[in-house]
There are 2 protein chains.
Amino acid sequence: MPGRKYAVGVDFGTESGRAVLVDVSDGTEIATAVYPYANGVIDEKLPGMDFRLEPDWALQDPRDYIQTLKHAIPALLKESGINSENVIGIGIDFTACTILPTLKDGTPLCFLPAYHNRPHAWVKLWKHHAAQPEANALNQIAREKGYSFLDRYGGKISSEWFFPKAWQILNEDPELYAAAERLIEAADWIVWQLTGVEKHNSCAAGYKAIWSKRQGFPPDEFFKALDPRMEHILDLKMSREVVPPGQCAGFLTPQAASWTGLKPGTPVAVGNVDAHVSVPASTVVEPGKMVMIMGTSICHMVLSQEEKAIPGICGYVEDGIIPGFIGYEAGQSCVGDHFAWFVDHCVPEAYHQEARNRGIDIHALLEEKAACLKPGENGLLALDWWNGNRSVLVDVDLTGLILGMTLLTRPEEMYRALIEATAYGTRIIIETFVHHGVAVHELVATGGLPDRNHLLMQIYSDVTGKEIRIPAAKQTPALGSAMFGAVAAGKVAGGYDSIYEASQRMAHLRDEVYRPIPENTALYDRLYREYLTLHDYFGRGGNEVMKRLKALKAEVLTSKLT
Amino acid sequence: MPGRKYAVGVDFGTESGRAVLVDVSDGTEIATAVYPYANGVIDEKLPGMDFRLEPDWALQDPRDYIQTLKHAIPALLKESGINSENVIGIGIDFTACTILPTLKDGTPLCFLPAYHNRPHAWVKLWKHHAAQPEANALNQIAREKGYSFLDRYGGKISSEWFFPKAWQILNEDPELYAAAERLIEAADWIVWQLTGVEKHNSCAAGYKAIWSKRQGFPPDEFFKALDPRMEHILDLKMSREVVPPGQCAGFLTPQAASWTGLKPGTPVAVGNVDAHVSVPASTVVEPGKMVMIMGTSICHMVLSQEEKAIPGICGYVEDGIIPGFIGYEAGQSCVGDHFAWFVDHCVPEAYHQEARNRGIDIHALLEEKAACLKPGENGLLALDWWNGNRSVLVDVDLTGLILGMTLLTRPEEMYRALIEATAYGTRIIIETFVHHGVAVHELVATGGLPDRNHLLMQIYSDVTGKEIRIPAAKQTPALGSAMFGAVAAGKVAGGYDSIYEASQRMAHLRDEVYRPIPENTALYDRLYREYLTLHDYFGRGGNEVMKRLKALKAEVLTSKLT
């Protein structure tokens, strides 16, 4: 339409990149395109080589990110017929912490013949978990030396984050570490490829690289304590300059314009993290509302004007989500993954047959059967710790529990108990926020689960006693990125001067609302008290049996190998 | 062979009756025959009628017992070619407590046209569980009035036992109760049919009808306290005379001889209970050895010369198993049933497909996979209370628990955890015996499981740190009954004068021995300590969450119905 302006958002996910073209005036999605990464998640061997990776490794190929730009963005223009003249800005978001080593011109080391056969030259994906020894050592040193930054991360730095991953490179391939002139978040690297400008975003830096607006990064002496060769990592391989979301990082280079079909000089927003960019795209730009990104795990985000150290919350970052606010993040590490585990390992043949005969998904069948039960009717209670506890206990060594089974217990009763356990896990996170002065009045849920599992949403509403709304956008992170693209362009170019305005105009909620059913909430209040008792008994030192079993397992496996 | 003598044993089970003909000199099984009951377990509606039974009911048809005599015993003679002249005695054993109302001539009330359409006229099978309200009331009254007999049964009379079942008849069909001139154990009824003589065996009376050699039955005033109409139940419908096992009850009547093809006048042993008759058939006729009957549940039996009140042990009866000894009985209510539940509800399709492709049973596949694991390697711990706890907590309201699951936990790891949990349950029973002065040095395992699951046997040996032997006989209870038949005949007729001698000659163990592997036992000692902590926390009042969940479930189900 004449006079209409558009923005492009690109969401770089785990298996694919997804681009949307939206109308800047109201956020309407005009076109969408997906590019599945050719090399996907590299967790067995390096592409085209026989080198086998160890368990817990997860790499990616930066070529796949460039290919996303080259395929998905042109597809948007082709599908929509929109003239690139009317595309006023681009924003991108990425999984995090996903980092790669490059030369100082941005060339990934894995592109160089000298390094392409070395695993540490490749992108370390967020779920690369092989830096646990480094994370453990980092946490111990930080605790021993009394660094207060631990308080901002619930007391622990995750093995998924920036410095454990960087340290692993140094430990295992010091020559490559020395050759890496930059160690950079993939989000910032892709913005660099688009604009020719290296800018470090405050979201990834704050949540993943121990940066804070007031205190900056940890001092050099901390890195020296990890390893003397890391003392100057900030000045030599990173940047002390960190830019908040909503700023314009730079303008599309002629090369990037030729990749994408967009106009050279198009404003490009500072990079962002997929979960966090979903917050304004879920209409949340002010305190009191929690956004839950519900997929394999749940990421819970809340804004506040005040800085509070909340025990067991993954992190809080000023300007981390929305400029001017402290963005708090908590999480549950096992939600969709939990149900997938159950379906893969615990559902009998007859259920799969029934689902096939009826032409429905096995999850849909289980949901249908579980929905016939009332709260408490399954007689079961579970602790949702199959993948440890990310918040509020922050303990990867906790494991799952289910109790109450009888010889009459059926799979759908256990399936419901697992859903309920994750809902109790969310409630304890909400209560922890509220108890420490960060208000949570309403919930907005996005991610893959809300569309797929209505029973789950109702249970979350019943358990938390709160209304839950769902964003209207199909691709929440990509919309959020497009919104930041519109902010990078600014009002003069037909965009917005702040993400607040962009959210007001471009983000919407569905009419559909999940409301707590008082009768269910009353029953769940009783069950939640039981959950809390078990949570504290097994999670706060009443009985450390889970850790002892895990340690015994490791001991037995070690003795089996020797 | 000329001069050889034989005995017949008949084991009346839940679904069928099984007869064996054995050589009295050494117990060799010459022939075996099975009669599957035409009416099996009656738990939906009365045979040939539309009357629907309530849940928890389980009845049988006494005609099936007579048919067993008419079909299985003649089949033995036919198969073996043995002349009935050389069959010197018969013994029988029965499930218990399995009772029926009859006229004073032994005619079952369900044979009478006036009563055949009334469910209380039929045999109440051991697993008829509908008398729970009566059991609860009986226990409460006994406790309030301070009757010491409760101590002999671990503090509780089960709903499966004699007086709750009898009381249920009175409560629900008082007219039929009045018409019942006898209330009798099926074991004693079948001996009555064979001999024309009504004799009450001390095993069923002791373990199921609150009888003891020194104190007899509870006084009339106790029964009056239950219901005034029950005051004289002992004198009107039962007998105060109770006969120990090994005695001759009487001699085969001409009618019974015509049913069975045996000689009129053949000695018939006093009736017995299936589990208990297995003890001498497993070579155990002295203290220090525990016999475990391992099937859907486990029944643990030990002999002792001393009377000890052991908390949480199901019962002890002087002369209950072997004359001259106190026979102690404990039990686990969910063992084979546990694994069956797991296979039916928790094993994924791919495992069933693999088993089918390889032409093996799903249990065999799980056992094979679980056998690759070392103790502790699954990282799991379970409480084996899917069907409550029979010993040592004696609490039907306890439920199952499993903990330690991660997203990598596989079905065979959970399967092994369930086996291990039942082994810990057996160990705590053994330790309770030993702690209270009843020695247990060796284990002998019989029933269906020892033949089917070698991994399970090794785990039991490793967990208990004890050797486990297996009886040589394929049909242990039926052999035990035949042994008692040989004792009923006595030495003069070519049999034996005591079950001790009969056991020495006729019962054998296999050469195969399960021996504890010290390395495994050391690991299981550590896991067992964890089990004990959870056992006491959930089972002895640390956290009564299982009971609260069960109560909430009942509350929710009730509100759903109204």
# chains A, B, ... in the order shown; residues from 1 in each chain; ligands from 1
call {"tool": "select_by_dssp", "arguments": {"residues": "segment 116-335 of chain A", "states": "helix (DSSP H, G or I)", "output": "ChimeraX atom specification"}}
result
/A:119-121,132-144,148-153,162-172,174-179,186-195,202-208,220-226,228-230,233-237,254-260,274-281
call {"tool": "residues_around", "arguments": {"residues": "Ala489 of chain A", "least_positions_apart": "5", "cutoff": "9 Å", "atoms": "only C-alpha atoms", "output": "list in words"}}
result
Ala7, Ile88, Gly89, Ile90, Cys248, Thr266, Pro267, Val268, Ala269, Phe484, Gly494, Gly495, Tyr496 and Asp497 of chain A
call {"tool": "write_last_selection", "arguments": {"atoms": "all heavy atoms", "output": "compact mmCIF listing (two decimals), in the first residue's frame"}}
result
# COMPACT_ATOMS: atom_id res chain seq x y z
N ALA A 7 9.13 -3.24 8.40
CA ALA A 7 10.39 -3.59 9.06
C ALA A 7 10.60 -5.09 8.95
O ALA A 7 9.63 -5.87 8.87
CB ALA A 7 10.37 -3.16 10.53
N ILE A 88 12.07 0.05 6.35
CA ILE A 88 12.80 1.15 7.00
C ILE A 88 13.83 0.67 8.02
O ILE A 88 14.68 1.43 8.43
CB ILE A 88 11.82 2.12 7.70
CG1 ILE A 88 11.02 1.37 8.79
CG2 ILE A 88 10.89 2.78 6.67
CD1 ILE A 88 10.25 2.30 9.71
N GLY A 89 13.75 -0.60 8.43
CA GLY A 89 14.72 -1.05 9.44
C GLY A 89 14.74 -2.57 9.56
O GLY A 89 13.80 -3.26 9.15
N ILE A 90 15.83 -3.04 10.11
CA ILE A 90 15.99 -4.48 10.35
C ILE A 90 16.41 -4.67 11.80
O ILE A 90 17.24 -3.90 12.32
CB ILE A 90 17.13 -5.09 9.50
CG1 ILE A 90 17.09 -4.58 8.07
CG2 ILE A 90 17.09 -6.61 9.54
CD1 ILE A 90 18.35 -4.96 7.28
N CYS A 248 20.36 2.12 17.11
CA CYS A 248 20.73 1.73 15.75
C CYS A 248 22.21 1.34 15.78
O CYS A 248 23.05 2.12 16.22
CB CYS A 248 20.49 2.91 14.81
SG CYS A 248 20.98 2.58 13.12
N THR A 266 19.96 0.80 4.94
CA THR A 266 18.82 0.54 5.82
C THR A 266 19.31 0.41 7.27
O THR A 266 20.29 -0.29 7.53
CB THR A 266 18.13 -0.79 5.41
OG1 THR A 266 17.79 -0.71 4.02
CG2 THR A 266 16.89 -1.04 6.24
N PRO A 267 18.68 1.11 8.23
CA PRO A 267 19.13 1.02 9.62
C PRO A 267 18.99 -0.41 10.17
O PRO A 267 18.00 -1.09 9.89
CB PRO A 267 18.20 1.97 10.37
CG PRO A 267 17.66 2.88 9.32
CD PRO A 267 17.59 2.08 8.06
N VAL A 268 19.99 -0.80 10.95
CA VAL A 268 20.00 -2.13 11.59
C VAL A 268 20.07 -1.92 13.10
O VAL A 268 20.94 -1.20 13.59
CB VAL A 268 21.21 -2.97 11.11
CG1 VAL A 268 21.22 -4.34 11.80
CG2 VAL A 268 21.18 -3.13 9.59
N ALA A 269 19.16 -2.57 13.82
CA ALA A 269 19.14 -2.43 15.28
C ALA A 269 20.28 -3.21 15.92
O ALA A 269 20.79 -4.18 15.34
CB ALA A 269 17.81 -2.95 15.84
N PHE A 484 12.28 -3.68 16.97
CA PHE A 484 13.53 -2.98 17.24
C PHE A 484 14.11 -2.38 15.95
O PHE A 484 14.75 -1.32 15.97
CB PHE A 484 14.54 -3.90 17.94
CG PHE A 484 14.32 -3.99 19.43
CD1 PHE A 484 13.81 -5.13 20.03
CD2 PHE A 484 14.63 -2.89 20.25
CE1 PHE A 484 13.60 -5.20 21.40
CE2 PHE A 484 14.43 -2.96 21.62
CZ PHE A 484 13.91 -4.11 22.20
N GLY A 494 9.57 6.99 9.68
CA GLY A 494 8.30 6.27 9.65
C GLY A 494 8.24 5.18 10.70
O GLY A 494 7.28 4.42 10.77
N GLY A 495 9.27 5.12 11.57
CA GLY A 495 9.28 4.12 12.63
C GLY A 495 8.90 4.73 13.97
O GLY A 495 7.97 5.55 14.04
N TYR A 496 9.59 4.32 15.00
CA TYR A 496 9.27 4.81 16.35
C TYR A 496 10.54 5.26 17.05
O TYR A 496 11.64 4.80 16.73
CB TYR A 496 8.59 3.72 17.17
CG TYR A 496 7.31 3.25 16.53
CD1 TYR A 496 7.28 2.08 15.78
CD2 TYR A 496 6.13 4.00 16.65
CE1 TYR A 496 6.11 1.66 15.16
CE2 TYR A 496 4.95 3.57 16.03
CZ TYR A 496 4.95 2.41 15.30
OH TYR A 496 3.80 2.00 14.68
N ASP A 497 10.35 6.14 18.00
CA ASP A 497 11.52 6.61 18.74
C ASP A 497 11.84 5.77 19.96
O ASP A 497 12.90 5.94 20.59
CB ASP A 497 11.34 8.09 19.15
CG ASP A 497 11.60 9.00 17.95
OD1 ASP A 497 12.18 8.52 16.95
OD2 ASP A 497 11.17 10.17 17.99
call {"tool": "interface_residues", "arguments": {"of": "chain A", "to": "chain B", "cutoff": "7 Å", "atoms": "only C-alpha atoms", "output": "number ranges by chain"}}
result
A: 341, 344-349, 376-380, 386-387, 399-407, 410-411, 530, 545-546, 549-550, 552-553, 556-557
call {"tool": "select_by_dssp", "arguments": {"residues": "segment 232-414 of chain A", "states": "strand (DSSP E)", "output": "MDAnalysis selection string"}}
result
chainID A and resid 242:243 248:251 267:269 272:273 288:294 298:304 315:318 326:332 381:383 400:405
call {"tool": "residues_around", "arguments": {"residues": "Asp227 of chain A", "least_positions_apart": "3", "cutoff": "10 Å", "atoms": "only C-alpha atoms", "output": "ChimeraX atom specification"}}
result
/A:167,170-171,221-224,230-231
call {"tool": "closest_residue", "arguments": {"among": "A:Pro113, A:Gly327, A:Pro228, A:Gly320", "to": "Ala204 of chain A", "atoms": "only C-alpha atoms"}}
result
A:Gly320
